[in-house]
file coords_29.tsv (TSV, C-alpha atoms)
chain	number	residue	atom	x	y	z
A	1	MET	CA	76.41	96.71	147.16
A	2	LYS	CA	76.53	100.04	145.33
A	3	LYS	CA	79.08	101.35	147.82
A	4	MET	CA	81.24	98.30	147.32
A	5	LYS	CA	81.13	98.84	143.56
A	6	TRP	CA	82.38	102.44	143.98
A	7	LEU	CA	85.17	101.38	146.33
A	8	VAL	CA	86.39	98.76	143.85
A	9	LEU	CA	86.27	101.29	141.02
A	10	PHE	CA	88.21	103.86	143.10
A	11	GLY	CA	90.79	101.20	143.96
A	12	ILE	CA	91.29	100.30	140.32
A	13	VAL	CA	91.72	103.98	139.33
A	14	ALA	CA	94.15	104.64	142.16
A	15	ILE	CA	96.32	101.64	141.27
A	16	SER	CA	96.38	102.27	137.53
A	17	SER	CA	97.07	106.06	137.69
A	18	PRO	CA	100.69	107.12	137.14
A	19	SER	CA	102.29	108.93	140.07
A	20	LEU	CA	102.20	112.69	139.42
A	21	ALA	CA	105.61	113.65	140.80
A	22	GLY	CA	106.94	115.71	137.88
A	23	LEU	CA	110.12	115.22	135.89
A	24	ARG	CA	113.21	113.96	137.71
A	25	LEU	CA	116.63	113.88	136.10
A	26	ASP	CA	119.45	111.85	137.49
A	27	GLU	CA	122.81	113.44	136.69
A	28	PRO	CA	125.67	111.65	138.42
A	29	VAL	CA	129.08	113.30	138.51
A	30	VAL	CA	131.02	113.10	135.26
A	31	VAL	CA	134.63	114.28	135.15
A	32	ASN	CA	136.34	114.75	131.81
A	33	VAL	CA	139.95	115.75	132.38
A	34	ALA	CA	140.73	115.75	128.65
A	35	ILE	CA	138.34	118.61	127.98
A	36	ARG	CA	138.70	120.02	131.50
A	37	GLU	CA	135.05	119.77	132.49
A	38	ALA	CA	133.11	118.34	135.41
A	39	LEU	CA	129.34	118.22	135.84
A	40	GLY	CA	126.58	116.64	137.84
A	41	SER	CA	123.77	117.47	140.19
A	42	ILE	CA	124.32	117.76	143.90
A	43	GLY	CA	121.30	115.55	144.64
A	44	SER	CA	122.37	112.78	142.24
A	45	ALA	CA	125.89	112.77	143.63
A	46	ARG	CA	124.61	112.57	147.18
A	47	ASN	CA	121.98	109.91	146.39
A	48	GLY	CA	124.33	107.79	144.26
A	49	ALA	CA	124.81	104.13	145.15
A	50	ASP	CA	128.55	104.64	145.60
A	51	SER	CA	129.98	106.60	148.49
A	52	VAL	CA	132.64	108.22	146.33
A	53	GLN	CA	131.23	110.89	144.01
A	54	PHE	CA	130.65	114.46	144.95
A	55	ILE	CA	130.50	117.88	143.31
A	56	GLY	CA	130.37	121.40	144.67
A	57	CYS	CA	131.93	124.80	144.94
A	58	SER	CA	133.21	126.81	147.87
A	59	ILE	CA	133.43	130.54	148.32
A	60	GLU	CA	135.48	132.53	150.78
A	61	ALA	CA	135.67	136.24	151.40
A	62	ASP	CA	137.20	138.69	153.81
A	63	SER	CA	136.88	142.42	154.29
A	64	SER	CA	139.85	143.47	152.19
A	65	THR	CA	140.11	141.20	149.17
A	66	ASP	CA	137.93	139.85	146.40
A	67	PRO	CA	136.04	136.61	147.10
A	68	LEU	CA	137.77	133.41	146.06
A	69	ILE	CA	135.85	130.44	144.73
A	70	ALA	CA	136.90	126.85	144.22
A	71	CYS	CA	134.93	124.20	142.38
A	72	PHE	CA	135.64	120.52	142.92
A	73	ALA	CA	134.29	117.17	141.84
A	74	LYS	CA	135.01	113.48	142.09
A	75	ASP	CA	133.34	110.85	139.93
A	76	GLU	CA	132.48	107.30	140.95
A	77	THR	CA	135.83	106.02	139.67
A	78	GLY	CA	137.65	108.40	142.00
A	79	THR	CA	138.88	110.90	139.42
A	80	SER	CA	139.04	114.24	141.17
A	81	VAL	CA	139.34	117.78	139.87
A	82	LEU	CA	139.66	121.22	141.38
A	83	CYS	CA	139.81	124.78	140.05
A	84	THR	CA	139.76	128.26	141.52
A	85	SER	CA	138.93	131.83	140.52
A	86	SER	CA	138.15	135.32	141.78
A	87	ALA	CA	136.34	136.44	138.63
A	88	PRO	CA	133.23	138.32	139.84
A	89	ARG	CA	130.93	136.65	137.30
A	90	LEU	CA	132.00	133.18	138.37
A	91	VAL	CA	131.70	134.21	142.02
A	92	ALA	CA	128.12	135.30	141.32
A	93	ALA	CA	127.34	131.98	139.62
A	94	VAL	CA	128.71	130.01	142.56
A	95	GLN	CA	126.60	132.07	144.93
A	96	ALA	CA	123.52	130.76	143.13
A	97	ILE	CA	124.25	127.12	143.99
A	98	THR	CA	121.76	125.35	146.26
A	99	SER	CA	121.16	121.73	147.24
A	100	LEU	CA	118.88	121.49	144.17
A	101	SER	CA	121.59	122.58	141.76
A	102	PHE	CA	123.08	120.98	138.71
A	103	ILE	CA	126.65	122.24	138.32
A	104	ASP	CA	128.89	122.25	135.28
A	105	PHE	CA	132.33	123.83	135.53
A	106	GLN	CA	135.37	124.10	133.30
A	107	TRP	CA	138.93	125.19	133.87
A	108	ASP	CA	142.03	126.16	131.91
A	109	SER	CA	145.61	124.90	131.89
A	110	ASP	CA	146.39	127.26	134.79
A	111	GLN	CA	143.71	125.49	136.91
A	112	SER	CA	141.61	128.67	136.88
A	113	CYS	CA	137.88	128.09	136.62
A	114	THR	CA	136.72	129.56	133.34
A	115	PHE	CA	133.03	128.62	133.31
A	116	VAL	CA	130.43	127.82	135.95
A	117	TYR	CA	126.92	126.77	134.91
A	118	VAL	CA	124.26	126.37	137.57
A	119	VAL	CA	120.72	125.06	137.05
A	120	ASN	CA	118.32	125.23	139.96
A	121	ALA	CA	115.27	123.31	138.86
A	122	SER	CA	112.56	120.99	140.10
A	123	PHE	CA	113.85	118.14	137.94
A	124	ASN	CA	117.11	118.02	139.89
A	125	PRO	CA	116.77	115.40	142.60
A	126	PRO	CA	116.62	116.61	146.18
A	127	LEU	CA	119.08	115.39	148.76
A	128	ALA	CA	118.06	112.09	150.27
A	129	PRO	CA	118.93	111.61	153.92
B	1	MET	CA	122.40	191.46	90.58
B	2	LYS	CA	121.70	192.62	94.14
B	3	PRO	CA	119.96	189.43	95.26
B	4	ALA	CA	122.91	187.39	93.96
B	5	LEU	CA	125.37	189.59	95.90
B	6	PHE	CA	123.27	189.30	99.05
B	7	SER	CA	123.00	185.55	98.76
B	8	SER	CA	126.75	185.11	98.23
B	9	LEU	CA	127.42	187.40	101.22
B	10	ALA	CA	125.02	185.34	103.33
B	11	ALA	CA	126.73	182.10	102.26
B	12	LEU	CA	130.11	183.56	103.18
B	13	SER	CA	128.83	184.65	106.60
B	14	LEU	CA	127.42	181.21	107.25
B	15	ALA	CA	130.70	179.54	106.27
B	16	LEU	CA	132.63	181.90	108.55
B	17	ALA	CA	130.25	181.29	111.45
B	18	ALA	CA	130.56	177.54	110.97
B	19	GLN	CA	134.35	177.79	110.87
B	20	LEU	CA	134.40	179.85	114.08
B	21	GLY	CA	132.07	177.41	115.78
B	22	TYR	CA	134.29	174.50	114.76
B	23	SER	CA	137.43	176.18	116.11
B	24	ALA	CA	135.62	177.08	119.33
B	25	GLY	CA	134.56	173.44	119.65
B	26	SER	CA	138.10	172.21	118.99
B	27	GLN	CA	139.50	174.65	121.53
B	28	SER	CA	137.07	173.49	124.20
B	29	LYS	CA	138.04	169.90	123.45
B	30	VAL	CA	141.72	170.75	123.78
B	31	ILE	CA	141.07	172.44	127.13
B	32	GLU	CA	139.09	169.44	128.27
B	33	ILE	CA	141.93	167.09	127.30
B	34	GLN	CA	144.44	169.31	129.06
B	35	ARG	CA	142.32	169.22	132.22
B	36	LEU	CA	142.08	165.44	132.00
B	37	LEU	CA	145.85	165.16	131.59
B	38	GLN	CA	146.38	167.43	134.59
B	39	ARG	CA	144.00	165.36	136.69
B	40	GLN	CA	145.75	162.15	135.65
B	41	GLU	CA	149.13	163.67	136.48
B	42	GLN	CA	147.84	164.60	139.96
B	43	GLU	CA	146.48	161.08	140.48
B	44	LEU	CA	149.80	159.63	139.37
B	45	GLN	CA	151.68	161.81	141.84
B	46	THR	CA	149.32	160.74	144.65
B	47	LEU	CA	149.84	157.09	143.77
B	48	ARG	CA	153.63	157.56	143.63
B	49	ALA	CA	153.58	159.16	147.10
B	50	GLU	CA	151.41	156.33	148.40
B	51	VAL	CA	153.74	153.65	147.04
B	52	THR	CA	156.77	155.47	148.50
B	53	VAL	CA	155.12	155.64	151.95
B	54	LEU	CA	154.17	151.97	151.84
B	55	GLY	CA	157.61	150.99	150.58
B	56	GLU	CA	159.25	152.80	153.50
B	57	ARG	CA	156.93	151.14	155.99
B	58	SER	CA	157.46	147.57	154.80
B	59	PRO	CA	160.65	147.41	152.74
B	60	SER	CA	160.85	143.60	153.12
B	61	CYS	CA	157.59	143.21	151.21
B	62	THR	CA	158.42	145.26	148.17
B	63	SER	CA	159.97	142.27	146.46
B	64	THR	CA	158.12	138.98	146.42
B	65	ALA	CA	161.29	137.03	145.69
B	66	HIS	CA	162.99	138.62	148.67
B	67	ALA	CA	159.98	137.94	150.89
B	68	GLN	CA	160.00	134.29	149.92
B	69	THR	CA	163.62	133.71	150.75
B	70	SER	CA	164.03	135.68	153.95
B	71	LEU	CA	161.86	135.71	157.02
B	72	SER	CA	162.07	138.87	159.07
B	73	PRO	CA	162.51	138.10	162.79
B	74	GLU	CA	159.66	140.38	163.79
B	75	PRO	CA	156.28	140.19	162.13
B	76	THR	CA	155.61	143.07	159.78
B	77	ARG	CA	152.44	144.78	160.88
B	78	ARG	CA	149.56	145.19	158.48
B	79	VAL	CA	149.43	148.63	156.94
B	80	SER	CA	146.19	150.38	157.68
B	81	PRO	CA	144.50	151.75	154.55
B	82	ASN	CA	144.00	155.11	156.32
B	83	ASP	CA	147.55	155.40	157.63
B	84	SER	CA	149.17	158.53	156.12
B	85	ILE	CA	147.52	157.71	152.86
B	86	PRO	CA	145.13	160.01	151.00
B	87	PRO	CA	141.48	159.63	152.08
B	88	PRO	CA	139.42	156.89	150.35
B	89	SER	CA	137.71	159.45	148.11
B	90	GLU	CA	141.07	160.26	146.50
B	91	ARG	CA	142.17	156.64	146.28
B	92	THR	CA	141.45	154.54	143.22
B	93	SER	CA	140.67	151.49	145.37
B	94	ALA	CA	140.26	150.85	149.09
B	95	VAL	CA	141.45	147.26	148.71
B	96	ILE	CA	144.90	146.62	150.15
B	97	PRO	CA	147.08	144.60	147.77
B	98	ASP	CA	148.16	141.29	149.29
B	99	ALA	CA	151.81	141.97	148.51
B	100	ILE	CA	151.67	144.97	150.83
B	101	SER	CA	149.70	143.36	153.65
B	102	THR	CA	151.81	140.16	153.78
B	103	THR	CA	153.27	139.38	157.20
B	104	SER	CA	156.00	136.94	158.19
B	105	GLU	CA	153.21	134.69	159.52
B	106	ASN	CA	151.63	134.72	156.08
B	107	ILE	CA	154.94	133.84	154.45
B	108	ALA	CA	155.63	131.00	156.89
B	109	ALA	CA	152.13	129.56	156.38
B	110	ARG	CA	152.45	129.83	152.61
B	111	MET	CA	155.79	128.04	152.61
B	112	GLU	CA	154.51	125.29	154.91
B	113	ALA	CA	151.40	124.83	152.78
B	114	SER	CA	153.52	124.66	149.65
B	115	ARG	CA	155.76	122.01	151.24
B	116	LEU	CA	152.67	120.07	152.35
B	117	ILE	CA	151.36	119.92	148.76
B	118	GLU	CA	154.79	118.94	147.41
B	119	ALA	CA	155.19	116.19	150.02
B	120	ALA	CA	151.73	114.83	149.20
B	121	ALA	CA	152.48	114.94	145.48
B	122	SER	CA	155.60	112.86	146.08
B	123	THR	CA	153.51	110.19	147.83
B	124	GLY	CA	150.71	110.54	145.27
B	125	GLN	CA	147.98	110.79	147.89
B	126	TRP	CA	145.99	113.66	149.34
B	127	THR	CA	144.68	112.44	152.66
B	128	GLU	CA	142.14	113.86	155.09
B	129	SER	CA	145.00	114.83	157.35
B	130	ASP	CA	146.60	116.79	154.47
B	131	ALA	CA	143.28	118.47	153.76
B	132	SER	CA	142.72	119.56	157.33
B	133	GLN	CA	146.34	120.70	157.67
B	134	LEU	CA	146.04	122.82	154.54
B	135	HIS	CA	142.77	124.25	155.80
B	136	ARG	CA	144.50	125.25	159.05
B	137	LEU	CA	147.42	126.83	157.19
B	138	PHE	CA	145.05	128.71	154.90
B	139	GLN	CA	143.85	130.69	157.91
B	140	ASN	CA	147.20	132.48	157.98
B	141	THR	CA	147.65	133.05	154.27
B	142	THR	CA	146.57	135.90	152.05
B	143	THR	CA	143.89	135.42	149.41
B	144	SER	CA	146.38	135.59	146.56
B	145	ASP	CA	148.58	133.01	148.29
B	146	ARG	CA	145.56	130.73	148.77
B	147	ARG	CA	144.71	131.14	145.10
B	148	ALA	CA	148.26	130.15	144.14
B	149	LEU	CA	148.27	127.22	146.57
B	150	ILE	CA	144.88	125.95	145.36
B	151	LYS	CA	146.23	126.12	141.81
B	152	LYS	CA	149.28	124.14	142.86
B	153	LEU	CA	147.07	121.50	144.50
B	154	ALA	CA	144.72	121.53	141.52
B	155	ALA	CA	147.60	121.06	139.08
B	156	ALA	CA	148.64	117.90	140.94
B	157	ILE	CA	145.06	116.59	141.26
B	158	ASN	CA	143.90	117.48	137.75
B	159	GLY	CA	147.14	116.15	136.29
B	160	GLY	CA	146.56	112.81	137.98
B	161	THR	CA	149.72	112.84	140.11
B	162	LEU	CA	147.73	113.29	143.31
B	163	ARG	CA	144.87	110.95	144.15
B	164	VAL	CA	142.33	112.42	146.52
B	165	LEU	CA	141.69	110.08	149.42
B	166	ALA	CA	140.19	112.80	151.58
B	167	LYS	CA	136.44	112.45	151.88
B	168	GLY	CA	134.64	115.70	151.32
B	169	ARG	CA	136.52	118.98	151.25
B	170	MET	CA	139.95	118.95	149.67
B	171	TYR	CA	141.22	121.59	152.10

call {"tool": "encode", "arguments": {"input": "coords_29.tsv", "output": "structure tokens"}}
result
Amino acid sequence: MKKMKWLVLFGIVAISSPSLAGLRLDEPVVVNVAIREALGSIGSARNGADSVQFIGCSIEADSSTDPLIACFAKDETGTSVLCTSSAPRLVAAVQAITSLSFIDFQWDSDQSCTFVYVVNASFNPPLAP
Amino acid sequence: MKPALFSSLAALSLALAAQLGYSAGSQSKVIEIQRLLQRQEQELQTLRAEVTVLGERSPSCTSTAHAQTSLSPEPTRRVSPNDSIPPPSERTSAVIPDAISTTSENIAARMEASRLIEAAASTGQWTESDASQLHRLFQNTTTSDRRALIKKLAAAINGGTLRVLAKGRMY
């Protein structure tokens, strides 16, 4: 009888306790052509209900020239943007991107990337299969 | 009287010593500047010689406008950075400028890629086929050409004249 009482108590505690998973932020892709900015987290874009949005950056390099980056994004409405740069500081920022990254990039009227902001944090959602 | 004379003499000596020191310092600065100017002149001469050598080796690539309009029948070979050029220690940069290393293959690929983007812009759609074609053409273009081509594609996409239908990579 005493055992039963403990089991019931444990069950009640287990059901009523909040899940301790830490903070999760959902940041779907947002493209703002007017202010030339695109942002979103890789995990949110991938896990989104639509099969349209994406965000990311590419980097290419060879033995004789400076690396070239390109950042691209598409929101759920299908608005796409793209920019490029060889600026070493932006190249370094792009190199920091992982599957847990939040990315924010901006570009100028010449389509050159002018700003790349990368946040690698636990609150960014991981990629779902 | 004597102490006053001595002190004024001492003050005069100090002033003279300071003046001499100042001129000596100025002279050493002048010499240093002259050396710097000489070194810069030597570097300039080396660079001029380098440009002349490269210009003689690939005359078709000295003008971008000329390179764009005419294709040489034989591919221009890439100029090696160590080919009759001062050793790397004397060079300001070991990186070969794209304008110098451009080949006729590069030019052909750049022109085809440019036409591909223009054709897509006229239809208003950037398809997966366009993306993979551009990716293939990029393999034969120089980095600066790719940068210019990406900007051209980006201008059409960001300006809303080109809708991206390609899933995933844009090129």

call {"tool": "closest_residue", "arguments": {"input": "coords_29.tsv", "among": "A:Trp107, A:Tyr117, A:Phe72, A:Phe102", "to": "A:Ser44", "atoms": "only C-alpha atoms"}}
result
A:Phe102

call {"tool": "atom_distance", "arguments": {"input": "coords_29.tsv", "atom1": "atom CA of B:Met170", "atom2": "atom CA of A:Val91"}}
result
19.0 Å

call {"tool": "residues_around", "arguments": {"input": "coords_29.tsv", "residues": "A:Ser99", "least_positions_apart": "3", "cutoff": "8 Å", "atoms": "all atoms listed in the file", "output": "tab-separated table (two decimals) with C-alpha atoms, in the coordinates of the input"}}
result
chain	number	residue	atom	x	y	z
A	42	ILE	CA	124.32	117.76	143.90
A	43	GLY	CA	121.30	115.55	144.64
A	126	PRO	CA	116.62	116.61	146.18
A	127	LEU	CA	119.08	115.39	148.76

call {"tool": "residues_around", "arguments": {"input": "coords_29.tsv", "residues": "A:Val119", "least_positions_apart": "2", "cutoff": "10 Å", "atoms": "all atoms listed in the file", "output": "ChimeraX atom specification"}}
result
/A:41,93,96-98,100-104,117,121-124

call {"tool": "interface_residues", "arguments": {"input": "coords_29.tsv", "of": "chain A", "to": "chain B", "cutoff": "7 Å", "atoms": "only C-alpha atoms", "output": "compact mmCIF listing (two decimals) with C-alpha atoms, in the coordinates of the input"}}
result
# COMPACT_ATOMS: atom_id res chain seq x y z
CA VAL A 33 139.95 115.75 132.38
CA SER A 64 139.85 143.47 152.19
CA THR A 65 140.11 141.20 149.17
CA SER A 80 139.04 114.24 141.17
CA VAL A 81 139.34 117.78 139.87
CA LEU A 82 139.66 121.22 141.38
CA CYS A 83 139.81 124.78 140.05
CA THR A 84 139.76 128.26 141.52
CA GLN A 111 143.71 125.49 136.91

call {"tool": "closest_residue", "arguments": {"input": "coords_29.tsv", "among": "A:Val30, A:Ile59, A:Ala38, A:Ala49", "to": "A:Ala128", "atoms": "only C-alpha atoms"}}
result
A:Ala49

call {"tool": "atom_distance", "arguments": {"input": "coords_29.tsv", "atom1": "atom CA of A:Val52", "atom2": "atom CA of B:Thr161"}}
result
18.8 Å
